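Next up, target-v2.cif (mmCIF, C-alpha atoms):
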data_work
#
loop_
_atom_site.group_PDB
_atom_site.id
_atom_site.type_symbol
_atom_site.label_atom_id
_atom_site.label_comp_id
_atom_site.auth_asym_id
_atom_site.auth_seq_id
_atom_site.Cartn_x
_atom_site.Cartn_y
_atom_site.Cartn_z
ATOM 1 C CA MET A 287 -0.708 -31.923 -1.899
ATOM 2 C CA LYS A 288 -0.350 -28.489 -0.312
ATOM 3 C CA ILE A 289 -3.487 -26.463 0.259
ATOM 4 C CA ASP A 290 -3.303 -22.854 1.433
ATOM 5 C CA LEU A 291 -6.328 -20.906 2.550
ATOM 6 C CA LEU A 292 -5.445 -17.227 2.579
ATOM 7 C CA TYR A 293 -7.725 -15.060 4.638
ATOM 8 C CA THR A 294 -7.941 -11.761 6.423
ATOM 9 C CA PRO A 295 -8.810 -11.744 10.133
ATOM 10 C CA GLY A 296 -12.262 -10.587 11.091
ATOM 11 C CA CYS A 297 -13.757 -11.425 7.704
ATOM 12 C CA PRO A 298 -16.911 -13.523 8.172
ATOM 13 C CA LYS A 299 -16.810 -14.572 4.496
ATOM 14 C CA CYS A 300 -13.357 -16.052 5.128
ATOM 15 C CA VAL A 301 -14.425 -18.379 7.910
ATOM 16 C CA ALA A 302 -17.929 -19.249 6.728
ATOM 17 C CA ASN A 303 -17.113 -22.684 5.334
ATOM 18 C CA LYS A 304 -13.508 -23.069 6.451
ATOM 19 C CA GLU A 305 -14.107 -26.129 8.619
ATOM 20 C CA GLY A 306 -16.185 -27.803 5.916
ATOM 21 C CA LEU A 307 -13.429 -27.299 3.363
ATOM 22 C CA ARG A 308 -10.747 -28.585 5.687
ATOM 23 C CA ALA A 309 -12.830 -31.692 6.418
ATOM 24 C CA THR A 310 -13.322 -32.251 2.672
ATOM 25 C CA ALA A 311 -9.590 -32.034 2.071
ATOM 26 C CA LYS A 312 -8.654 -34.308 4.983
ATOM 27 C CA ASN A 313 -11.310 -36.806 3.986
ATOM 28 C CA LEU A 314 -10.122 -37.078 0.374
ATOM 29 C CA ILE A 315 -6.401 -36.606 0.968
ATOM 30 C CA PRO A 316 -5.494 -37.524 4.567
ATOM 31 C CA ASN A 317 -1.854 -36.520 4.137
ATOM 32 C CA ALA A 318 -2.624 -33.149 2.522
ATOM 33 C CA LEU A 319 -0.802 -30.207 4.028
ATOM 34 C CA TRP A 320 -3.582 -27.774 5.022
ATOM 35 C CA ARG A 321 -2.462 -24.284 5.961
ATOM 36 C CA GLU A 322 -4.564 -21.303 6.997
ATOM 37 C CA MET A 323 -2.635 -18.135 6.406
ATOM 38 C CA ASN A 324 -3.373 -14.642 7.591
ATOM 39 C CA VAL A 325 -2.520 -12.492 4.577
ATOM 40 C CA LEU A 326 -1.364 -9.681 6.845
ATOM 41 C CA ASP A 327 1.435 -11.980 8.038
ATOM 42 C CA GLU A 328 2.114 -13.527 4.635
ATOM 43 C CA ILE A 329 1.705 -10.639 2.212
ATOM 44 C CA GLU A 330 4.822 -11.499 0.192
ATOM 45 C CA TYR A 331 3.743 -15.108 -0.223
ATOM 46 C CA ALA A 332 0.254 -13.975 -1.272
ATOM 47 C CA VAL A 333 1.765 -11.638 -3.870
ATOM 48 C CA GLU A 334 4.039 -14.428 -5.096
ATOM 49 C CA LEU A 335 0.998 -16.681 -5.528
ATOM 50 C CA GLY A 336 -0.885 -13.932 -7.360
ATOM 51 C CA VAL A 337 -3.726 -13.625 -4.858
ATOM 52 C CA LEU A 338 -5.872 -10.616 -5.788
ATOM 53 C CA THR A 339 -9.045 -11.184 -3.766
ATOM 54 C CA LEU A 340 -9.749 -12.620 -0.330
ATOM 55 C CA PRO A 341 -10.354 -15.229 0.838
ATOM 56 C CA ALA A 342 -8.523 -17.402 -1.689
ATOM 57 C CA ILE A 343 -7.389 -21.002 -1.925
ATOM 58 C CA ALA A 344 -4.124 -22.056 -3.544
ATOM 59 C CA ILE A 345 -3.323 -25.684 -4.292
ATOM 60 C CA ASP A 346 0.309 -26.620 -4.809
ATOM 61 C CA GLY A 347 1.253 -22.973 -5.299
ATOM 62 C CA GLU A 348 -1.514 -22.111 -7.756
ATOM 63 C CA VAL A 349 -4.504 -19.899 -6.912
ATOM 64 C CA VAL A 350 -7.455 -22.128 -7.754
ATOM 65 C CA PHE A 351 -10.288 -20.305 -6.004
ATOM 66 C CA ALA A 352 -10.444 -16.498 -5.811
ATOM 67 C CA SER A 353 -13.277 -16.794 -3.288
ATOM 68 C CA LEU A 354 -14.322 -19.602 -0.968
ATOM 69 C CA PRO A 355 -15.845 -22.466 -2.931
ATOM 70 C CA THR A 356 -18.643 -24.656 -1.701
ATOM 71 C CA SER A 357 -17.599 -28.028 -0.310
ATOM 72 C CA GLN A 358 -18.889 -29.657 -3.516
ATOM 73 C CA GLN A 359 -16.843 -27.371 -5.780
ATOM 74 C CA PHE A 360 -13.771 -27.974 -3.644
ATOM 75 C CA GLU A 361 -14.309 -31.722 -3.677
ATOM 76 C CA ARG A 362 -14.622 -31.741 -7.488
ATOM 77 C CA GLU A 363 -11.371 -29.816 -7.827
ATOM 78 C CA LEU A 364 -9.506 -32.132 -5.469
ATOM 79 C CA ILE A 365 -10.803 -35.261 -7.216
ATOM 80 C CA LYS A 366 -9.736 -33.804 -10.572
ATOM 81 C CA ARG A 367 -6.242 -33.280 -9.210
ATOM 82 C CA ILE A 368 -6.073 -36.723 -7.578
ATOM 83 C CA ASN A 369 -7.033 -38.334 -10.920
ATOM 84 C CA LYS A 370 -4.473 -36.225 -12.737
ATOM 85 C CA GLU A 371 -1.721 -37.333 -10.358
ATOM 86 C CA ALA A 372 -2.734 -41.018 -10.572
ATOM 87 C CA MET B 7 -25.157 25.292 4.203
ATOM 88 C CA SER B 8 -24.907 24.997 0.421
ATOM 89 C CA LEU B 9 -21.683 25.536 -1.449
ATOM 90 C CA THR B 10 -21.105 26.881 -4.935
ATOM 91 C CA ILE B 11 -19.061 24.946 -7.470
ATOM 92 C CA GLY B 12 -16.169 27.374 -7.039
ATOM 93 C CA LYS B 13 -16.192 27.083 -3.252
ATOM 94 C CA ILE B 14 -16.225 23.276 -3.419
ATOM 95 C CA ALA B 15 -13.377 23.304 -5.936
ATOM 96 C CA ALA B 16 -11.281 25.596 -3.771
ATOM 97 C CA LEU B 17 -11.925 23.701 -0.532
ATOM 98 C CA ALA B 18 -11.378 20.253 -2.037
ATOM 99 C CA ASN B 19 -8.539 21.445 -4.250
ATOM 100 C CA VAL B 20 -10.074 20.046 -7.416
ATOM 101 C CA SER B 21 -10.934 21.516 -10.793
ATOM 102 C CA THR B 22 -14.329 23.162 -11.101
ATOM 103 C CA ASP B 23 -15.643 20.177 -13.050
ATOM 104 C CA THR B 24 -17.551 18.749 -10.119
ATOM 105 C CA ARG B 25 -20.108 17.522 -12.675
ATOM 106 C CA TYR B 26 -17.597 14.722 -13.304
ATOM 107 C CA TYR B 27 -18.308 13.424 -9.794
ATOM 108 C CA GLU B 28 -22.006 13.884 -10.430
ATOM 109 C CA ARG B 29 -21.883 11.953 -13.721
ATOM 110 C CA GLU B 30 -20.105 9.117 -11.946
ATOM 111 C CA LEU B 31 -22.880 9.138 -9.325
ATOM 112 C CA LEU B 32 -20.354 9.805 -6.588
ATOM 113 C CA ILE B 33 -22.049 12.923 -5.273
ATOM 114 C CA GLU B 34 -25.625 14.059 -5.165
ATOM 115 C CA PRO B 35 -26.602 16.286 -8.111
ATOM 116 C CA ALA B 36 -26.470 19.998 -7.500
ATOM 117 C CA VAL B 37 -29.529 22.123 -7.107
ATOM 118 C CA LYS B 38 -29.698 25.434 -8.941
ATOM 119 C CA SER B 39 -29.997 28.666 -7.009
ATOM 120 C CA GLU B 40 -32.410 31.357 -8.121
ATOM 121 C CA GLY B 41 -29.481 33.043 -9.781
ATOM 122 C CA GLY B 42 -28.683 29.851 -11.725
ATOM 123 C CA TYR B 43 -25.632 28.824 -9.654
ATOM 124 C CA ARG B 44 -25.027 25.117 -9.013
ATOM 125 C CA LEU B 45 -25.197 24.500 -5.269
ATOM 126 C CA TYR B 46 -23.991 21.438 -3.399
ATOM 127 C CA GLU B 47 -24.589 20.215 0.103
ATOM 128 C CA HIS B 48 -21.620 20.110 2.493
ATOM 129 C CA ASP B 49 -21.540 16.316 2.254
ATOM 130 C CA ALA B 50 -20.393 16.676 -1.375
ATOM 131 C CA LEU B 51 -17.173 18.304 -0.158
ATOM 132 C CA ARG B 52 -16.500 15.431 2.248
ATOM 133 C CA ARG B 53 -17.187 12.889 -0.459
ATOM 134 C CA ILE B 54 -14.909 14.588 -2.992
ATOM 135 C CA SER B 55 -12.062 14.694 -0.454
ATOM 136 C CA PHE B 56 -12.697 11.029 0.323
ATOM 137 C CA ILE B 57 -12.656 10.161 -3.407
ATOM 138 C CA LYS B 58 -9.402 12.021 -3.976
ATOM 139 C CA GLN B 59 -7.681 10.257 -1.071
ATOM 140 C CA ALA B 60 -8.955 6.887 -2.247
ATOM 141 C CA GLN B 61 -7.741 7.556 -5.798
ATOM 142 C CA GLN B 62 -4.302 8.343 -4.424
ATOM 143 C CA CYS B 63 -4.315 4.864 -2.845
ATOM 144 C CA GLY B 64 -5.063 3.344 -6.242
ATOM 145 C CA PHE B 65 -8.790 2.696 -5.884
ATOM 146 C CA THR B 66 -10.807 2.902 -9.098
ATOM 147 C CA LEU B 67 -14.099 4.810 -9.251
ATOM 148 C CA THR B 68 -16.021 1.525 -9.115
ATOM 149 C CA GLU B 69 -14.131 0.508 -5.982
ATOM 150 C CA ILE B 70 -14.633 3.958 -4.473
ATOM 151 C CA ARG B 71 -18.356 3.619 -5.087
ATOM 152 C CA ALA B 72 -18.220 0.327 -3.151
ATOM 153 C CA LEU B 73 -16.312 2.034 -0.323
ATOM 154 C CA LEU B 74 -18.844 4.862 -0.188
ATOM 155 C CA THR B 75 -21.663 2.331 -0.077
ATOM 156 C CA LEU B 76 -19.912 0.473 2.747
ATOM 157 C CA ARG B 77 -19.540 3.726 4.631
ATOM 158 C CA LYS B 78 -23.302 4.140 4.634
ATOM 159 C CA SER B 79 -24.132 0.514 5.326
ATOM 160 C CA ASP B 80 -25.355 -0.447 8.777
ATOM 161 C CA GLU B 81 -24.177 -4.019 8.338
ATOM 162 C CA ALA B 82 -20.611 -3.203 7.269
ATOM 163 C CA CYS B 83 -17.715 -2.852 9.667
ATOM 164 C CA CYS B 84 -14.092 -1.811 9.561
ATOM 165 C CA ASN B 85 -13.033 -5.355 8.669
ATOM 166 C CA ASP B 86 -14.880 -5.055 5.352
ATOM 167 C CA VAL B 87 -12.960 -1.922 4.504
ATOM 168 C CA ARG B 88 -9.691 -3.509 5.602
ATOM 169 C CA ARG B 89 -10.322 -6.489 3.302
ATOM 170 C CA LEU B 90 -10.892 -4.130 0.345
ATOM 171 C CA ALA B 91 -7.732 -2.194 1.223
ATOM 172 C CA LEU B 92 -5.777 -5.443 1.502
ATOM 173 C CA GLU B 93 -7.092 -6.649 -1.855
ATOM 174 C CA LYS B 94 -6.105 -3.336 -3.411
ATOM 175 C CA ARG B 95 -2.620 -3.681 -1.978
ATOM 176 C CA LEU B 96 -2.339 -7.210 -3.396
ATOM 177 C CA GLN B 97 -3.425 -5.897 -6.809
ATOM 178 C CA LEU B 98 -0.892 -3.057 -6.655
ATOM 179 C CA GLU B 99 1.899 -5.443 -5.632
ATOM 180 C CA ALA B 100 0.975 -7.729 -8.559
ATOM 181 C CA LYS B 101 1.198 -4.752 -10.917
ATOM 182 C CA ILE B 102 4.572 -3.767 -9.466
ATOM 183 C CA THR B 103 5.836 -7.329 -9.981
ATOM 184 C CA ALA B 104 4.582 -7.359 -13.602
ATOM 185 C CA MET B 105 6.179 -3.977 -14.249
ATOM 186 C CA LYS B 106 9.499 -5.146 -12.801
ATOM 187 C CA VAL B 107 9.417 -8.079 -15.221
ATOM 188 C CA MET B 108 8.762 -5.632 -18.088
ATOM 189 C CA SER B 109 11.571 -3.401 -16.908
ATOM 190 C CA LYS B 110 13.970 -6.375 -16.733
ATOM 191 C CA ALA B 111 12.953 -7.478 -20.244
ATOM 192 C CA LEU B 112 13.659 -3.975 -21.528
ATOM 193 C CA HIS B 113 16.975 -3.907 -19.678
ATOM 194 C CA ASN B 114 17.980 -7.159 -21.375
ATOM 195 C CA LEU B 115 17.018 -5.762 -24.784
ATOM 196 C CA ILE B 116 18.944 -2.550 -24.166
ATOM 197 C CA GLU B 117 21.992 -4.590 -23.141
ATOM 198 C CA THR B 118 21.982 -6.313 -26.536
ATOM 199 C CA CYS B 119 22.294 -2.998 -28.314
ATOM 200 C CA SER B 120 25.626 -1.246 -28.410
ATOM 201 C CA VAL B 121 25.667 2.468 -29.124
ATOM 202 C CA ASP B 122 27.359 2.313 -32.504
ATOM 203 C CA GLY B 123 24.825 3.973 -34.762
ATOM 204 C CA ARG B 124 24.210 0.921 -36.908
ATOM 205 C CA ASN B 125 21.422 0.831 -39.453
ATOM 206 C CA LEU B 126 17.875 0.268 -38.295
ATOM 207 C CA GLU B 127 17.691 -3.089 -40.093
ATOM 208 C CA ASP B 128 20.583 -4.269 -37.912
ATOM 209 C CA CYS B 129 19.002 -3.051 -34.683
ATOM 210 C CA PRO B 130 19.094 -5.963 -32.219
ATOM 211 C CA ILE B 131 16.154 -4.579 -30.205
ATOM 212 C CA ILE B 132 13.894 -4.505 -33.278
ATOM 213 C CA ALA B 133 15.168 -7.966 -34.240
ATOM 214 C CA ALA B 134 14.500 -9.371 -30.765
ATOM 215 C CA LEU B 135 10.980 -7.886 -30.696
ATOM 216 C CA GLU B 136 10.233 -9.283 -34.174
ATOM 217 C CA GLN B 137 11.534 -12.656 -33.101
ATOM 218 C CA ALA B 138 9.372 -12.580 -29.981
ATOM 219 C CA THR B 139 6.318 -11.716 -32.115
ATOM 220 C CA GLY B 140 7.163 -14.579 -34.456
ATOM 221 C CA THR B 141 7.327 -17.105 -31.641
ATOM 222 C CA THR B 142 4.005 -16.089 -30.127
ATOM 223 C CA SER B 143 2.003 -15.926 -33.381
#
Could you render the structure as structure tokens?
Amino acid sequence: MKIDLLYTPGCPKCVANKEGLRATAKNLIPNALWREMNVLDEIEYAVELGVLTLPAIAIDGEVVFASLPTSQQFERELIKRINKEA
Amino acid sequence: MSLTIGKIAALANVSTDTRYYERELLIEPAVKSEGGYRLYEHDALRRISFIKQAQQCGFTLTEIRALLTLRKSDEACCNDVRRLALEKRLQLEAKITAMKVMSKALHNLIETCSVDGRNLEDCPIIAALEQATGTTS
């Protein structure tokens, strides 16, 4: 699973729960590819994904969260996807 | 110094309908002079210029209101404005992408139609659009 966190530098909202979310992902899916992307460097990729607000989280190329979720919301989404893949 | 509606319009290069900005709560309401003229504070001129520039960058009035609020906020910083500008750019790019898809779809339809003056009932563009409607209904 590929998880992209798209953020803008200097945005406190973007980093508020970043570590918590990364830990949730690594805990549930140890081999998940976790990427933190500065939108200023990846604007074309963000447009391709359809990101309209920041920060955002895309999972396997799909924008799933248009703002940072709580760890619980993120965990629920990941579990849903793990069950779907199984 | 207070400015009349005409002076504001001339300086900001807008129509004299500054009440539009008032209605949208983007500038402070005018006070009336003894002679009945609508008078605005100098800040109204700055705000109208700001609004015009922001509109040219694609910001909606709601977004401009948010920008104006940020400008007055003690807790906000330049990063907040940059995030809004970046989000606006992402939204504009998404619109451009959607419009390119529309343009390509129209190009494909136009390609199906030769310029031979056939009857409307044989028009391949109309037929393709009807077919598309049929598949989505």
Give me the residues of chain A that have any atom at most 6 Å from an atom of chain B; for each, the nearest atom pair and the distance in Å, rounded to one decimal. Use only C-alpha atoms, sort by chain and number, and format it as a Markdown table.
| residue | atom | partner | partner_atom | distance |
| --- | --- | --- | --- | --- |
| A:Gly296 | CA | B:Asn85 | CA | 5.8 |
| A:Leu338 | CA | B:Gln97 | CA | 5.4 |
| A:Thr339 | CA | B:Glu93 | CA | 5.3 |
>> So that I can see what lies close to segment 321-328 of chain A, please list as a PyMOL selection string the residues with an atom at most 10 Å from it, counting all atoms listed in the file and leaving out residues fewer than 2 positions away in the same chain.
In response: (chain A and resi 288-295+304+308+318-319+330-334+337+340-344) or (chain B and resi 89+92-93+96)
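Pairwise distance (atom CA of Ala352 of chain A, atom CA of Ala60 of chain B) equals 23.7 Å.
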> Once the PyMOL selection byres ((chain A and resi 355) around 10) has been applied to the shown file, what residues remain in the selection, as a list in words?
Replying inline: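 Output of the PyMOL selection byres ((chain A and resi 355) around 10): Asn303, Lys304, Leu307, Pro341, Ala342, Ile343, Val350, Phe351, Ala352, Ser353, Leu354, Thr356, Ser357, Gln358, Gln359, Phe360, Glu361 and Glu363 of chain A.
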> In Å, with one decimal, what is the gap from atom CA of Leu314 of chain A to atom CA of Cys297 of chain A?
Replying inline: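 These two atoms are separated by 26.9 Å.
Those residues returned by the PyMOL selection byres ((chain B and resi 47) around 7) for this file are Met7, Ser8, Leu9, Leu45, Tyr46, His48, Asp49 and Ala50 of chain B.
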